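As provided, final-v2.cif (mmCIF, C-alpha atoms) reads as follows.
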```cif
data_upload
loop_
_atom_site.group_PDB
_atom_site.id
_atom_site.type_symbol
_atom_site.label_atom_id
_atom_site.label_comp_id
_atom_site.auth_asym_id
_atom_site.auth_seq_id
_atom_site.Cartn_x
_atom_site.Cartn_y
_atom_site.Cartn_z
ATOM 1 C CA VAL A 20 -18.245 -94.039 -110.599
ATOM 2 C CA ASP A 21 -21.857 -94.874 -109.883
ATOM 3 C CA MET A 22 -24.566 -94.378 -107.305
ATOM 4 C CA LYS A 23 -27.609 -96.539 -106.660
ATOM 5 C CA TRP A 24 -30.321 -96.006 -104.086
ATOM 6 C CA LYS A 25 -33.373 -97.724 -102.727
ATOM 7 C CA LEU A 26 -36.098 -96.736 -100.327
ATOM 8 C CA GLY A 27 -37.277 -99.512 -98.036
ATOM 9 C CA VAL A 28 -39.547 -99.974 -95.042
ATOM 10 C CA ALA A 29 -38.539 -102.486 -92.375
ATOM 11 C CA MET A 30 -41.857 -103.972 -91.295
ATOM 12 C CA SER A 31 -40.907 -106.410 -88.560
ATOM 13 C CA SER A 32 -37.911 -107.996 -86.874
ATOM 14 C CA ASP A 33 -37.062 -110.583 -84.242
ATOM 15 C CA THR A 34 -36.938 -107.840 -81.604
ATOM 16 C CA CYS A 35 -39.940 -105.828 -82.695
ATOM 17 C CA ARG A 36 -43.085 -107.077 -84.390
ATOM 18 C CA SER A 37 -44.211 -103.680 -85.637
ATOM 19 C CA LEU A 38 -41.143 -101.721 -86.782
ATOM 20 C CA LYS A 39 -42.556 -99.664 -89.643
ATOM 21 C CA TYR A 40 -39.175 -98.015 -90.171
ATOM 22 C CA PRO A 41 -38.508 -96.316 -93.513
ATOM 23 C CA TYR A 42 -34.893 -96.033 -94.631
ATOM 24 C CA VAL A 43 -32.779 -95.244 -97.667
ATOM 25 C CA THR A 44 -29.922 -97.522 -98.763
ATOM 26 C CA VAL A 45 -27.242 -96.052 -101.020
ATOM 27 C CA THR A 46 -24.550 -98.011 -102.832
ATOM 28 C CA LEU A 47 -21.617 -96.027 -104.155
ATOM 29 C CA THR A 48 -19.285 -97.613 -106.690
ATOM 30 C CA VAL A 49 -15.922 -95.976 -106.137
ATOM 31 C CA ALA A 50 -12.563 -96.219 -107.886
ATOM 32 C CA ASP A 51 -9.533 -95.714 -105.701
ATOM 33 C CA PRO A 52 -6.390 -94.020 -107.073
ATOM 34 C CA SER A 53 -5.024 -97.388 -108.253
ATOM 35 C CA GLY A 54 -8.166 -97.942 -110.292
ATOM 36 C CA GLN A 55 -9.591 -100.670 -108.056
ATOM 37 C CA ILE A 56 -13.390 -100.554 -107.999
ATOM 38 C CA THR A 57 -15.322 -101.278 -104.818
ATOM 39 C CA ASP A 58 -18.927 -100.946 -103.714
ATOM 40 C CA LYS A 59 -19.714 -99.120 -100.501
ATOM 41 C CA SER A 60 -23.227 -99.454 -99.117
ATOM 42 C CA PHE A 61 -24.818 -97.625 -96.265
ATOM 43 C CA GLU A 62 -28.217 -97.058 -94.769
ATOM 44 C CA MET A 63 -29.796 -93.782 -93.657
ATOM 45 C CA THR A 64 -32.877 -92.917 -91.678
ATOM 46 C CA ILE A 65 -35.165 -90.421 -93.359
ATOM 47 C CA PRO A 66 -33.822 -87.452 -91.328
ATOM 48 C CA GLN A 67 -30.260 -88.549 -92.149
ATOM 49 C CA PHE A 68 -31.179 -88.820 -95.804
ATOM 50 C CA LYS A 69 -32.707 -85.341 -95.776
ATOM 51 C CA ASN A 70 -29.432 -83.988 -94.400
ATOM 52 C CA PHE A 71 -27.480 -85.990 -97.017
ATOM 53 C CA PHE A 72 -29.641 -84.529 -99.758
ATOM 54 C CA ARG A 73 -29.273 -81.009 -98.348
ATOM 55 C CA GLN A 74 -25.471 -81.317 -98.305
ATOM 56 C CA PHE A 75 -25.394 -82.364 -101.960
ATOM 57 C CA LYS A 76 -27.784 -79.597 -102.914
ATOM 58 C CA GLU A 77 -25.452 -77.117 -101.220
ATOM 59 C CA MET A 78 -22.469 -78.618 -103.039
ATOM 60 C CA ALA A 79 -24.250 -78.327 -106.378
ATOM 61 C CA SER A 80 -25.045 -74.716 -105.673
ATOM 62 C CA VAL A 81 -21.413 -73.939 -104.779
ATOM 63 C CA LEU A 82 -20.170 -75.804 -107.879
ATOM 64 C CA GLU A 83 -22.353 -73.609 -110.028
ATOM 65 C CA THR A 84 -21.157 -70.373 -108.519
ATOM 66 C CA VAL A 85 -17.419 -71.196 -108.529
ATOM 67 C CA SER B 5 -45.831 -106.943 -76.125
ATOM 68 C CA ILE B 6 -46.614 -103.236 -76.029
ATOM 69 C CA ALA B 7 -43.213 -102.252 -77.424
ATOM 70 C CA SER B 8 -43.128 -105.023 -79.974
ATOM 71 C CA ALA B 9 -46.469 -104.014 -81.395
ATOM 72 C CA ASP B 10 -45.693 -100.304 -81.044
ATOM 73 C CA MET B 11 -49.208 -99.906 -79.680
ATOM 74 C CA ASP B 12 -51.117 -96.685 -80.120
ATOM 75 C CA LEU B 13 -53.274 -95.380 -77.267
ATOM 76 C CA ASN B 14 -56.404 -97.300 -78.306
ATOM 77 C CA GLN B 15 -54.549 -100.582 -78.613
ATOM 78 C CA LEU B 16 -52.755 -99.885 -75.324
ATOM 79 C CA GLU B 17 -55.990 -99.275 -73.455
ATOM 80 C CA ALA B 18 -57.599 -102.417 -74.862
ATOM 81 C CA PHE B 19 -54.519 -104.499 -74.086
ATOM 82 C CA LEU B 20 -54.140 -103.223 -70.511
ATOM 83 C CA THR B 21 -57.850 -103.620 -69.799
ATOM 84 C CA ALA B 22 -57.624 -107.225 -70.947
ATOM 85 C CA GLN B 23 -54.599 -107.747 -68.679
ATOM 86 C CA THR B 24 -56.482 -106.437 -65.642
ATOM 87 C CA LYS B 25 -59.324 -108.882 -66.292
ATOM 88 C CA LYS B 26 -57.030 -111.908 -66.529
ATOM 89 C CA GLN B 27 -56.509 -114.200 -63.593
ATOM 90 C CA GLY B 28 -53.105 -113.349 -62.100
ATOM 91 C CA GLY B 29 -53.060 -110.256 -64.256
ATOM 92 C CA ILE B 30 -52.259 -106.676 -63.275
ATOM 93 C CA THR B 31 -54.196 -104.250 -61.115
ATOM 94 C CA SER B 32 -55.742 -101.141 -62.585
ATOM 95 C CA ASP B 33 -53.159 -99.035 -60.724
ATOM 96 C CA GLN B 34 -50.386 -101.026 -62.376
ATOM 97 C CA ALA B 35 -52.116 -100.602 -65.714
ATOM 98 C CA ALA B 36 -52.202 -96.835 -65.195
ATOM 99 C CA VAL B 37 -48.474 -96.732 -64.403
ATOM 100 C CA ILE B 38 -47.614 -98.851 -67.435
ATOM 101 C CA ALA B 39 -49.811 -96.654 -69.636
ATOM 102 C CA LYS B 40 -48.133 -93.490 -68.373
ATOM 103 C CA PHE B 41 -44.677 -94.974 -68.892
ATOM 104 C CA TRP B 42 -45.490 -96.061 -72.434
ATOM 105 C CA LYS B 43 -47.012 -92.692 -73.348
ATOM 106 C CA ASN B 44 -43.917 -90.877 -72.101
ATOM 107 C CA HIS B 45 -41.302 -93.187 -73.552
ATOM 108 C CA ARG B 46 -42.903 -94.706 -76.626
ATOM 109 C CA THR B 47 -40.823 -92.775 -79.161
ATOM 110 C CA GLN B 48 -37.491 -93.438 -77.447
ATOM 111 C CA ILE B 49 -38.282 -97.128 -77.002
ATOM 112 C CA HIS B 50 -39.357 -97.484 -80.621
ATOM 113 C CA GLU B 51 -36.217 -95.737 -81.833
ATOM 114 C CA SER B 52 -34.095 -97.995 -79.682
ATOM 115 C CA LEU B 53 -35.791 -101.056 -81.183
ATOM 116 C CA ILE B 54 -35.213 -99.638 -84.655
ATOM 117 C CA SER B 55 -31.503 -99.130 -83.996
ATOM 118 C CA GLN B 56 -31.274 -102.763 -82.848
ATOM 119 C CA SER B 57 -32.416 -103.869 -86.269
ATOM 120 C CA ARG B 58 -29.904 -101.770 -88.212
ATOM 121 C CA TRP B 59 -26.936 -103.994 -88.952
ATOM 122 C CA ASP B 60 -25.527 -102.506 -92.128
ATOM 123 C CA HIS B 61 -23.194 -99.566 -92.354
ATOM 124 C CA GLY B 62 -24.681 -96.204 -91.535
ATOM 125 C CA LEU B 63 -23.469 -92.763 -92.492
ATOM 126 C CA LYS B 64 -21.738 -91.517 -89.344
ATOM 127 C CA ASN B 65 -20.343 -88.305 -90.697
ATOM 128 C CA MET B 66 -19.984 -86.403 -93.903
ATOM 129 C CA SER B 67 -17.839 -83.452 -94.918
ATOM 130 C CA TRP B 68 -17.132 -81.879 -98.257
ATOM 131 C CA ARG B 69 -15.274 -79.152 -100.027
ATOM 132 C CA VAL B 70 -15.239 -77.691 -103.505
ATOM 133 C CA ASP B 71 -11.863 -77.290 -105.195
ATOM 134 C CA LEU B 72 -11.025 -75.419 -108.330
ATOM 135 C CA GLN B 73 -8.641 -77.593 -110.338
ATOM 136 C CA SER B 74 -6.346 -75.209 -112.120
ATOM 137 C CA GLN B 75 -4.244 -77.643 -114.087
ATOM 138 C CA LEU B 76 -3.746 -81.379 -114.575
ATOM 139 C CA ARG B 77 -0.557 -82.959 -115.884
ATOM 140 C CA HIS B 78 -1.908 -84.923 -118.820
ATOM 141 C CA VAL B 79 -5.223 -83.294 -119.364
ATOM 142 C CA ASP B 80 -5.831 -79.823 -120.560
ATOM 143 C CA GLN B 81 -8.537 -78.941 -118.041
ATOM 144 C CA ILE B 82 -8.321 -75.654 -116.315
ATOM 145 C CA ASN B 83 -10.634 -74.054 -113.839
ATOM 146 C CA THR B 84 -12.773 -77.131 -113.317
ATOM 147 C CA PRO B 85 -14.710 -77.031 -110.063
ATOM 148 C CA VAL B 86 -14.644 -80.379 -108.294
ATOM 149 C CA ALA B 87 -16.559 -81.462 -105.202
ATOM 150 C CA ILE B 88 -14.669 -83.730 -102.831
ATOM 151 C CA VAL B 89 -16.745 -85.617 -100.304
ATOM 152 C CA GLU B 90 -15.573 -87.578 -97.302
ATOM 153 C CA MET B 91 -18.082 -89.999 -95.786
ATOM 154 C CA GLU B 92 -17.526 -91.885 -92.600
ATOM 155 C CA LEU B 93 -19.364 -95.195 -92.662
ATOM 156 C CA GLY B 94 -19.668 -97.428 -89.671
ATOM 157 C CA LYS B 95 -21.727 -100.047 -87.896
ATOM 158 C CA ASN B 96 -23.108 -99.672 -84.372
ATOM 159 C CA GLY B 97 -20.278 -98.628 -82.105
ATOM 160 C CA GLN B 98 -17.644 -98.639 -84.835
#
```

With the file now loaded, output its structure as structure tokens.
Amino acid sequence: VDMKWKLGVAMSSDTCRSLKYPYVTVTLTVADPSGQITDKSFEMTIPQFKNFFRQFKEMASVLETV
Amino acid sequence: SIASADMDLNQLEAFLTAQTKKQGGITSDQAAVIAKFWKNHRTQIHESLISQSRWDHGLKNMSWRVDLQSQLRHVDQINTPVAIVEMELGKNGQ
């Protein structure tokens, strides 16, 4: 139904003063077959996000050629 | 302290030198060993600290396929390509 994203940088935490860890958070709003809407959020490291992006790019390319 | 600050080589050298000068501090041999260890393992240690601060769901796995919908019961849509994506979300260890 919908997709939201945000790019964040975790600066510090209780276990590590200098984290400097960039990440992408995605929230997908999905409707199940019964019509019930739920939000699913997940976090990706930058390499994971690059793979995520690459997969969708591949999908888009296949969708166009089908 | 070294891991928490994710020290670079300059900071590391300054920190270890200060430790050797302290009363009850480390020897310069110990400083050299610590420096070598940090240089060799810095990335792994930092990544481990990062994973300790990730509490939300992560994307464990993802697979997809593209289907060609030929016909739907109530809707007159034929030959519509549809991408179906399966994402496995989980927290650490789940």

Selection under test: the PyMOL selection byres ((chain A) within 9 of (chain B)); residues as number ranges by chain: A: 29, 31-40, 59-64, 67, 71, 74, 78-79, 81-83, 85

Between B:Ala22, B:Ser52, B:Glu17, B:Arg77, single out the one closest to Ile38 in chain B, counting all atoms listed in the file.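 Of B:Ala22, B:Ser52, B:Glu17, B:Arg77, the one nearest Ile38 in chain B, counting all atoms listed in the file, is B:Glu17.
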
Ranking A:Pro52, A:Thr84, A:Val28, A:Leu47 by minimum distance to Met91 in chain B and counting all atoms listed in the file, which one comes first? A:Leu47

Shortest contact to Trp24 in chain A, candidates A:Thr48, A:Ser80, A:Arg73, A:Gln55, atoms counted all atoms listed in the file, goes to A:Thr48

Output as lines of an AutoDock Vina configuration file the centre and edge lengths (Å, one decimal) of the box along x, y and z of the file that holds every listed atom of range 29-34 of chain B after adding 8 Å on each side.
```
center_x = -53.1
center_y = -104.6
center_z = -62.5
size_x = 21.4
size_y = 27.2
size_z = 19.5
```

Calculate how many Å separate CA of Phe75 in chain A from CA of His78 in chain B, rounding to one decimal.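 Distance reported for this atom pair: 29.0 Å.
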
As an exercise, work out the distance from CA of Lys69 in chain A to CA of Lys25 in chain A in Å and give it to one decimal place.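 One can read the CA of Lys69 in chain A to CA of Lys25 in chain A distance as 14.2 Å.
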
re CA of Met30 in chain A and CA of Ile65 in chain A: distance 15.3 Å

Might you pull out every residue within 12 Å of Asp33 in chain B, with only C-alpha atoms counted and same-chain residues fewer than 4 positions away left off, and present them as a list in words?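 Everything that qualifies: Leu20, Thr21, Gln23, Thr24, Gly29, Val37, Ile38, Ala39 and Lys40 of chain B.
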
When you get a chance, write out all heavy atoms for range 69-80 of chain B, as an mmCIF file, in the coordinates of the input.
```cif
data_model
loop_
_atom_site.group_PDB
_atom_site.id
_atom_site.type_symbol
_atom_site.label_atom_id
_atom_site.label_comp_id
_atom_site.auth_asym_id
_atom_site.auth_seq_id
_atom_site.Cartn_x
_atom_site.Cartn_y
_atom_site.Cartn_z
ATOM 1 N N ARG B 69 -15.788 -80.457 -99.632
ATOM 2 C CA ARG B 69 -15.274 -79.152 -100.027
ATOM 3 C C ARG B 69 -15.302 -79.086 -101.539
ATOM 4 O O ARG B 69 -15.337 -80.107 -102.229
ATOM 5 C CB ARG B 69 -13.864 -78.919 -99.471
ATOM 6 C CG ARG B 69 -12.788 -79.767 -100.057
ATOM 7 C CD ARG B 69 -11.403 -79.255 -99.676
ATOM 8 N NE ARG B 69 -10.423 -79.782 -100.606
ATOM 9 C CZ ARG B 69 -9.693 -80.876 -100.375
ATOM 10 N NH1 ARG B 69 -9.846 -81.558 -99.254
ATOM 11 N NH2 ARG B 69 -8.834 -81.299 -101.273
ATOM 12 N N VAL B 70 -15.272 -77.886 -102.058
ATOM 13 C CA VAL B 70 -15.239 -77.691 -103.505
ATOM 14 C C VAL B 70 -13.885 -77.087 -103.863
ATOM 15 O O VAL B 70 -13.481 -76.068 -103.306
ATOM 16 C CB VAL B 70 -16.395 -76.774 -103.974
ATOM 17 C CG1 VAL B 70 -16.204 -76.358 -105.419
ATOM 18 C CG2 VAL B 70 -17.728 -77.490 -103.812
ATOM 19 N N ASP B 71 -13.173 -77.781 -104.746
ATOM 20 C CA ASP B 71 -11.863 -77.290 -105.195
ATOM 21 C C ASP B 71 -11.988 -76.774 -106.612
ATOM 22 O O ASP B 71 -12.842 -77.239 -107.377
ATOM 23 C CB ASP B 71 -10.844 -78.445 -105.219
ATOM 24 C CG ASP B 71 -10.340 -78.796 -103.831
ATOM 25 O OD1 ASP B 71 -10.794 -78.160 -102.858
ATOM 26 O OD2 ASP B 71 -9.516 -79.721 -103.731
ATOM 27 N N LEU B 72 -11.087 -75.879 -106.938
ATOM 28 C CA LEU B 72 -11.025 -75.419 -108.330
ATOM 29 C C LEU B 72 -9.725 -75.991 -108.886
ATOM 30 O O LEU B 72 -8.641 -75.563 -108.499
ATOM 31 C CB LEU B 72 -11.021 -73.893 -108.372
ATOM 32 C CG LEU B 72 -11.303 -73.256 -109.738
ATOM 33 C CD1 LEU B 72 -12.665 -73.669 -110.257
ATOM 34 C CD2 LEU B 72 -11.229 -71.743 -109.621
ATOM 35 N N GLN B 73 -9.848 -76.999 -109.762
ATOM 36 C CA GLN B 73 -8.641 -77.593 -110.338
ATOM 37 C C GLN B 73 -8.099 -76.648 -111.391
ATOM 38 O O GLN B 73 -8.763 -76.370 -112.386
ATOM 39 C CB GLN B 73 -8.967 -78.933 -110.999
ATOM 40 C CG GLN B 73 -9.217 -80.026 -109.995
ATOM 41 C CD GLN B 73 -9.309 -81.387 -110.644
ATOM 42 O OE1 GLN B 73 -9.770 -81.510 -111.769
ATOM 43 N NE2 GLN B 73 -8.870 -82.410 -109.942
ATOM 44 N N SER B 74 -6.878 -76.181 -111.163
ATOM 45 C CA SER B 74 -6.346 -75.209 -112.120
ATOM 46 C C SER B 74 -5.659 -75.894 -113.296
ATOM 47 O O SER B 74 -5.750 -75.452 -114.432
ATOM 48 C CB SER B 74 -5.399 -74.244 -111.428
ATOM 49 O OG SER B 74 -4.406 -74.978 -110.739
ATOM 50 N N GLN B 75 -4.981 -76.996 -113.005
ATOM 51 C CA GLN B 75 -4.244 -77.643 -114.087
ATOM 52 C C GLN B 75 -4.000 -79.110 -113.767
ATOM 53 O O GLN B 75 -3.777 -79.466 -112.625
ATOM 54 C CB GLN B 75 -2.875 -76.951 -114.230
ATOM 55 C CG GLN B 75 -2.412 -76.782 -115.643
ATOM 56 C CD GLN B 75 -1.189 -75.890 -115.741
ATOM 57 O OE1 GLN B 75 -0.610 -75.522 -114.730
ATOM 58 N NE2 GLN B 75 -0.784 -75.550 -116.936
ATOM 59 N N LEU B 76 -4.084 -79.972 -114.775
ATOM 60 C CA LEU B 76 -3.746 -81.379 -114.575
ATOM 61 C C LEU B 76 -2.609 -81.722 -115.508
ATOM 62 O O LEU B 76 -2.490 -81.140 -116.593
ATOM 63 C CB LEU B 76 -4.960 -82.278 -114.885
ATOM 64 C CG LEU B 76 -6.131 -82.178 -113.932
ATOM 65 C CD1 LEU B 76 -7.303 -83.002 -114.439
ATOM 66 C CD2 LEU B 76 -5.742 -82.651 -112.548
ATOM 67 N N ARG B 77 -1.778 -82.669 -115.121
ATOM 68 C CA ARG B 77 -0.557 -82.959 -115.884
ATOM 69 C C ARG B 77 -0.824 -83.386 -117.311
ATOM 70 O O ARG B 77 -0.231 -82.880 -118.247
ATOM 71 C CB ARG B 77 0.240 -84.030 -115.148
ATOM 72 C CG ARG B 77 1.598 -84.254 -115.760
ATOM 73 C CD ARG B 77 2.380 -85.213 -114.898
ATOM 74 N NE ARG B 77 3.517 -85.713 -115.669
ATOM 75 C CZ ARG B 77 4.301 -86.695 -115.276
ATOM 76 N NH1 ARG B 77 4.059 -87.296 -114.134
ATOM 77 N NH2 ARG B 77 5.310 -87.088 -116.028
ATOM 78 N N HIS B 78 -1.712 -84.374 -117.479
ATOM 79 C CA HIS B 78 -1.908 -84.923 -118.820
ATOM 80 C C HIS B 78 -3.154 -84.426 -119.519
ATOM 81 O O HIS B 78 -3.396 -84.747 -120.653
ATOM 82 C CB HIS B 78 -1.951 -86.463 -118.760
ATOM 83 C CG HIS B 78 -0.693 -87.052 -118.219
ATOM 84 N ND1 HIS B 78 0.509 -86.924 -118.855
ATOM 85 C CD2 HIS B 78 -0.448 -87.745 -117.077
ATOM 86 C CE1 HIS B 78 1.443 -87.528 -118.136
ATOM 87 N NE2 HIS B 78 0.902 -88.031 -117.059
ATOM 88 N N VAL B 79 -3.951 -83.723 -118.770
ATOM 89 C CA VAL B 79 -5.223 -83.294 -119.364
ATOM 90 C C VAL B 79 -5.319 -81.784 -119.360
ATOM 91 O O VAL B 79 -4.991 -81.141 -118.373
ATOM 92 C CB VAL B 79 -6.422 -83.891 -118.566
ATOM 93 C CG1 VAL B 79 -7.734 -83.547 -119.229
ATOM 94 C CG2 VAL B 79 -6.274 -85.382 -118.440
ATOM 95 N N ASP B 80 -5.767 -81.270 -120.443
ATOM 96 C CA ASP B 80 -5.831 -79.823 -120.560
ATOM 97 C C ASP B 80 -7.142 -79.280 -119.994
ATOM 98 O O ASP B 80 -8.000 -78.822 -120.723
ATOM 99 C CB ASP B 80 -5.708 -79.463 -122.056
ATOM 100 C CG ASP B 80 -5.177 -78.040 -122.230
ATOM 101 O OD1 ASP B 80 -4.665 -77.475 -121.244
ATOM 102 O OD2 ASP B 80 -5.282 -77.516 -123.350
#
```
